[in-house]
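Visitor: Sharing a structure below in structure tokens format, with a few things to ask.
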Amino acid sequence: MQNDNGFFTKNTCWWLAVVLLSVPQTVISGGLDSLNSFFNGLETLQADFEQRVLDDQRSVIQESTGKVWIQRPGLFRWNYQTPYVQQIVADGSRLWVYDEDLEQVTVKPMKDVLSATPAMLLSGEQPLDEVFLIKELPTQNEFAYVLLTPRDTESTVEKIKIAFSGGTLGGMEVIDNFGNRSYFSFSNLSRNPGIKADRFRFQPPPGADVIGETD
């Protein structure tokens with residue numbers, strides 16, 4: 001099923017993170033420095049990801065794997081490979097969501113897509129401090145954390161926790177207004193690789209139903 005933001009199919013939550021560890025009470029510097037260091041000079045990113053979605057009762061409702069490509073600002077592709085094949089592509093002007101099983105494509109103008117999401121966060125459509133309130137959290141077991149709270153009070157995202165390890169992105173935990181939690185962990189992460197431009201283009205497959213304006 002797809003939600004009003006065009007990010008969900010088959011109960012797959014689009015909050016693009018690692019299962020974050022419990023946080024101690026003493027604040028140790030590191031999260032903000034790691035955040036700034038990671039995003040400064042970031043132009044492209046490529047990685048494999050695993051996603052786990054838990055409901056408000058902490059029951060796992062979805063486990064997914066796939067690949068992500070990002071080019072800042074504003075371009076990304078998330079290819080879900082399991083348990084369902086799904087593609088989510090931002091081409092700079094539109095967001096395309098393709099569900100292979102349903103043979104359905106949903107397209108929306110980028111301006112109509114909420115900015116306070118992990119995809120938008122990583123793709124750098126807007127400066128982080130314009131979209132989020134940023135707070136450094138305590139560190140534990142060599143992980144540095146920051147907490148991002150959307151400035152937009154109408155955002156369906158309540159908060160995002162980002163974990164950094166060794167100066168690179170470890171994962172994200174995203175909590176929405178319904179109490180659902182999505183955890184993303186990243187592997188084989190490559191910073192600033194060369195990515196072909198057609199990676200961020202999407203052409204609806206023949207015979208697929210297209211919902212939304214394509215012109």
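Chains: A, B, ... in order of the structure tokens. Residues: from 1 per chain. Ligands: from 1, in order shown.
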Please give the complete set of residues from stretch 87-195 of chain A that DSSP, run on the backbone, assigns to strand (DSSP E or B), formatted as a PyMOL selection string.
Guide: chain A and resi 87-91+94-99+104-109+132-140+143-150+157-165+168-176+181-191
Visitor: Leaving out A:Val53 and any residue of its chain fewer than 5 positions from it, which residues lie within 8 Å of it when counting only C-alpha atoms, given as an NGL selection string?
Guide: :A and (12-13 or 60-63 or 180-183)
Visitor: Step one, run DSSP on the backbone; step two, keep only residues of stretch 20-193 of chain A assigned to helix (DSSP H, G or I); then write them as a list in words.
Guide: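 The residues of stretch 20-193 of chain A classed as helix (DSSP H, G or I) are Gly31, Leu32, Asp33, Ser34, Leu35, Asn36, Ser37, Phe38, Phe39, Met110, Lys111, Asp112, Pro118, Ala119, Met120, Leu121, Leu122, Ser123, Leu128, Asp129, Glu130 and Val131 of chain A.
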Visitor: Set the distance at 7 Å and use only C-alpha atoms: which residues neighbour stretch 71-74 of chain A once local chain neighbours fewer than 3 positions away are removed? I'd like the list as a ChimeraX atom specification.
Guide: /A:43-45,90,92,123-125
Visitor: Now that the selection is made, can you save its residues with N, CA and C atoms as a compact mmCIF listing (two decimals), in the first residue's frame?
Guide:
```
# COMPACT_ATOMS: atom_id res chain seq x y z
N GLU A 43 29.71 14.89 -2.69
CA GLU A 43 29.05 15.14 -3.97
C GLU A 43 28.24 13.93 -4.42
N THR A 44 28.81 12.74 -4.29
CA THR A 44 28.10 11.52 -4.65
C THR A 44 28.32 10.46 -3.59
N LEU A 45 27.42 9.49 -3.57
CA LEU A 45 27.51 8.40 -2.60
C LEU A 45 26.88 7.16 -3.20
N ALA A 90 14.76 10.13 -7.78
CA ALA A 90 14.59 11.58 -7.86
C ALA A 90 15.49 12.09 -8.97
N GLY A 92 15.66 15.30 -10.03
CA GLY A 92 15.91 16.73 -9.92
C GLY A 92 14.66 17.56 -10.04
N SER A 123 20.70 13.65 0.05
CA SER A 123 20.88 14.21 -1.29
C SER A 123 21.14 15.72 -1.26
N GLY A 124 20.96 16.36 -0.10
CA GLY A 124 21.37 17.74 0.05
C GLY A 124 20.59 18.75 -0.74
N GLU A 125 19.28 18.53 -0.89
CA GLU A 125 18.45 19.50 -1.61
C GLU A 125 18.44 20.85 -0.90
```
Visitor: Name the residues in contact with A:Gln86 at a cut-off of 7 Å, using only C-alpha atoms, excluding same-chain residues fewer than 3 positions from it; report them as a list in words.
Guide: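 Returned residues: Asn79, Tyr80, Gln81, Tyr98, Asp99 and Glu100 of chain A.
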Visitor: Print the selection's residues with N, CA, C and O atoms to a file, as an mmCIF file, in the first residue's frame.
Guide:
```cif
data_model
loop_
_atom_site.group_PDB
_atom_site.id
_atom_site.type_symbol
_atom_site.label_atom_id
_atom_site.label_comp_id
_atom_site.auth_asym_id
_atom_site.auth_seq_id
_atom_site.Cartn_x
_atom_site.Cartn_y
_atom_site.Cartn_z
ATOM 1 N N ASN A 79 17.149 1.424 -4.970
ATOM 2 C CA ASN A 79 16.629 0.196 -5.567
ATOM 3 C C ASN A 79 16.438 -0.852 -4.476
ATOM 4 O O ASN A 79 17.419 -1.375 -3.938
ATOM 5 N N TYR A 80 15.181 -1.126 -4.148
ATOM 6 C CA TYR A 80 14.878 -2.210 -3.216
ATOM 7 C C TYR A 80 14.898 -3.523 -3.985
ATOM 8 O O TYR A 80 14.246 -3.650 -5.022
ATOM 9 N N GLN A 81 15.645 -4.498 -3.463
ATOM 10 C CA GLN A 81 15.791 -5.785 -4.138
ATOM 11 C C GLN A 81 15.010 -6.897 -3.449
ATOM 12 O O GLN A 81 14.533 -7.814 -4.105
ATOM 13 N N TYR A 98 8.397 3.184 -8.389
ATOM 14 C CA TYR A 98 7.943 2.085 -9.247
ATOM 15 C C TYR A 98 7.867 0.800 -8.446
ATOM 16 O O TYR A 98 8.849 0.376 -7.831
ATOM 17 N N ASP A 99 6.698 0.175 -8.422
ATOM 18 C CA ASP A 99 6.473 -1.109 -7.773
ATOM 19 C C ASP A 99 6.318 -2.153 -8.875
ATOM 20 O O ASP A 99 5.343 -2.132 -9.629
ATOM 21 N N GLU A 100 7.299 -3.041 -8.962
ATOM 22 C CA GLU A 100 7.304 -4.011 -10.057
ATOM 23 C C GLU A 100 6.129 -4.981 -9.979
ATOM 24 O O GLU A 100 5.500 -5.290 -10.996
#
```
Visitor: Do you have the atom CA of A:Leu75-atom CA of A:Val89 distance handy?
Guide: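 Interatomic distance, atom CA of A:Leu75 to atom CA of A:Val89: 7.6 Å.
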Visitor: Do a neighbour search on A:Leu147 at 7 Å with only C-alpha atoms, toss out local chain neighbours closer than 2 positions, and write the hits as number ranges by chain.
Guide: A: 134-137, 145, 149, 159-162
Visitor: Any chance you could export the current selection's C-alpha atoms as an mmCIF file, in the first residue's frame?
Guide:
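The resulting file, again08.cif, is reproduced below:
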```cif
data_model
loop_
_atom_site.group_PDB
_atom_site.id
_atom_site.type_symbol
_atom_site.label_atom_id
_atom_site.label_comp_id
_atom_site.auth_asym_id
_atom_site.auth_seq_id
_atom_site.Cartn_x
_atom_site.Cartn_y
_atom_site.Cartn_z
ATOM 1 C CA ILE A 134 20.473 19.667 15.033
ATOM 2 C CA LYS A 135 21.620 18.337 18.415
ATOM 3 C CA GLU A 136 24.677 16.352 19.349
ATOM 4 C CA LEU A 137 23.959 13.175 21.329
ATOM 5 C CA TYR A 145 25.415 10.438 17.179
ATOM 6 C CA THR A 149 14.260 17.244 14.473
ATOM 7 C CA LYS A 159 13.097 12.699 14.484
ATOM 8 C CA ILE A 160 16.141 11.163 12.834
ATOM 9 C CA LYS A 161 19.180 9.808 14.645
ATOM 10 C CA ILE A 162 22.365 9.469 12.613
#
```
Visitor: Calculated over only C-alpha atoms, which of the candidates A:Phe143, A:Ala47, A:Ile70, A:Phe202 has the smallest distance to A:Thr214?
Guide: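 Among A:Phe143, A:Ala47, A:Ile70, A:Phe202, it is A:Phe202 that comes nearest to A:Thr214.
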Visitor: Have a look at A:Lys111, A:Arg58, A:Lys67, A:Arg52 and name the one nearest to A:Asn188; count only C-alpha atoms.
Guide: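 Checking each candidate against A:Asn188, we get A:Lys67 as the closest.
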Visitor: Go ahead and compute the interatomic distance for atom CA of A:Gly207 and atom CA of A:Thr106, in Å to one decimal.
Guide: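 Result for atom CA of A:Gly207 versus atom CA of A:Thr106: 13.7 Å, one decimal.
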Visitor: So, with only C-alpha atoms as the atoms that count, which of A:Leu122, A:Val157, A:Ala163, A:Val105 lies closest to A:Ile211?
Guide: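 For A:Ile211, the nearest of the candidates is A:Val105.
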Visitor: Determine the nearest neighbour of A:Thr153 from the options A:Phe132, A:Leu102, A:Gly171, A:Met120, counting only C-alpha atoms.
Guide: A:Phe132
Visitor: Between A:Pro109, A:Gly66, A:Gln104, A:Asp48, which is the closest to A:Pro206 once you count only C-alpha atoms?
Guide: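 Answer, going by the shortest atom-to-atom distance: A:Gln104.
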Visitor: Between A:Gly30, A:Pro150, A:Gly179, A:Gly41, which is the closest to A:Arg191 once you count only C-alpha atoms?
Guide: A:Gly41
